[in-house]
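In what follows, a structure is listed as C-alpha cells, so that the remarks can point back to it.
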Amino acid sequence: GGYRKSDEVDLGGFIVDILITPAAGPRLSIEVNGPPHYVQLVPSLSSAASAAESAPVHRLNGKSCMKMWFLQQLEGVVPIAVPYFGWDACQSNPARQATFLLEVLREAGVSAGAASQVAPPTDVGAVAQGAAENVEGREEIVAECFQKLQAARRASNEAQVVLAEANKEVSRLQELVLQAKRAKERAEEEATEKAKGLAEAKQAHDRQRPDDGGGELDTLRSAKRMKSSNGSAT
C-alpha cells in the first residue's frame with residue numbers, strides 16, 4: 001500500500017499506539033484513547049438542568065493533554081486521537097467505523113484525499129479494530145493487576161489481623177510473667193518477714209534464760225542461809 005503501519009512506537013520518549021508512515025507527507029501518530037484517558041465531570045444535580053448539561057462530558061486528563069501537546073510540537077508528525085466513545089457509537093458497523101475515522105482524520109487536518117491514500121475505508125477499519133483490541137488487552141491487564149492488588153491487600157489485611165492476635169497473645173504472656181514476678185516478690189517478702197520474726201523470737205527467748213537461772217540461784221542461797229540460822233539457834 002501507500003503507507004507503513006507500526007504499533008507501539010517511541011516518539012521522543014512517548015509511546016504512541018499506532019504510527020502511520022505514508023509514502024509522502026507527514027507521519028500520523030494515532031492514539032486510541034480509552035476511558036483511562038478522560039476525566040468524568042460530575043453532571044449538574046439541579047432539577048432545572050437541561051439534558052445537555054446532565055449528559056456525560058468527556059475531557060482528556062492532564063497526562064493525555066500533555067502527550068498530545070508534545071506530539072504536536074514534533075516536526076513531521078500529525079497527532080490524531082480516536083476517542084473510545086465515538087468508536088463505541090459506531091456499534092461495530094464497518095462502514096460507520098470507516099466514516100468516523102475519516103472524520104477524525106479530517107478534524108486533525110488531514111485532507112480527504114490524503115486520508116484516502118493513507119488508509120482506505122476497509123484498511124482504516126482494520127487499523128482501528130486492531131487498536132481497539134490492543135486497548136481491550138491493556139484493560140484486561142489492568143483488571144488483572146487490579147485483582148492481584150486486591151488479593152495482596154486482602155493478604156495484607158489478614159496478616160495484620162494475625163499480627164494483632166499475636167501481639168495480644170504476647171501482651172497476655174507478658175502480663176502472666178509480670179504477675180508471676182510479683183507473686184515471687186510477695187513470697188520472698190513474706191519469707192523475709194517470717195525469718196525476721198523467728199530471729200526476734202529467738203533473741204527474746206535467749207534474753208529470758210539467764211534471768212530465770214539467776215532467780216533460782218538466789219532462792220537456793222536464801223534457803224541455805226535460813227537453814228544455817230536455824231541450826232545456830234538450836
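Residues in the C-alpha cells are numbered from 1 in each chain, the chains being A, B, ... in the order shown, and ligands are numbered from 1 in the order shown.
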>> Need to verify the contact set: Val77 (chain A), 7 Å, only C-alpha atoms, exclusion of same-chain residues closer than 3 positions in sequence. Can you return it as JSON, numbers by chain?
In response: {"A": [26, 27, 28, 29, 74]}
> Between CA of Ala152 (chain A) and CA of Ser171 (chain A), what is the distance, to one decimal in Å?
Replying inline: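 According to the coordinates, CA of Ala152 (chain A) and CA of Ser171 (chain A) are separated by 28.0 Å.
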> Looking at only C-alpha atoms, which of A:Ala204, A:Ala155, A:Leu105, A:Val82 is the one that sits closest to Pro35 (chain A)?
Replying inline: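 Checking each candidate against Pro35 (chain A), we get A:Val82 as the closest.
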> Separation of CA of Tyr84 (chain A) and CA of Ala98 (chain A), in Å?
Replying inline: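 Taking CA of Tyr84 (chain A) as the start and CA of Ala98 (chain A) as the end point, the length is 14.3 Å.
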> Quick one, how far is CA of Glu188 (chain A) from CA of Glu169 (chain A)?
Replying inline: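 Going from CA of Glu188 (chain A) over to CA of Glu169 (chain A) covers 28.5 Å.
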>> Which residues are near Val104 (chain A)? Cut-off 10 Å, only C-alpha atoms, ignore same chain within fewer than 2 positions. Put them as a ChimeraX atom specification.
In response: /A:80-83,86,98-102,106-110,115
> Of the residues A:Gln160, A:Asn93, A:Gln147, A:Asn33, which is the one nearest to Ser64 (chain A), using only C-alpha atoms?
Replying inline: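 Smallest distance to Ser64 (chain A) is found for A:Asn33.
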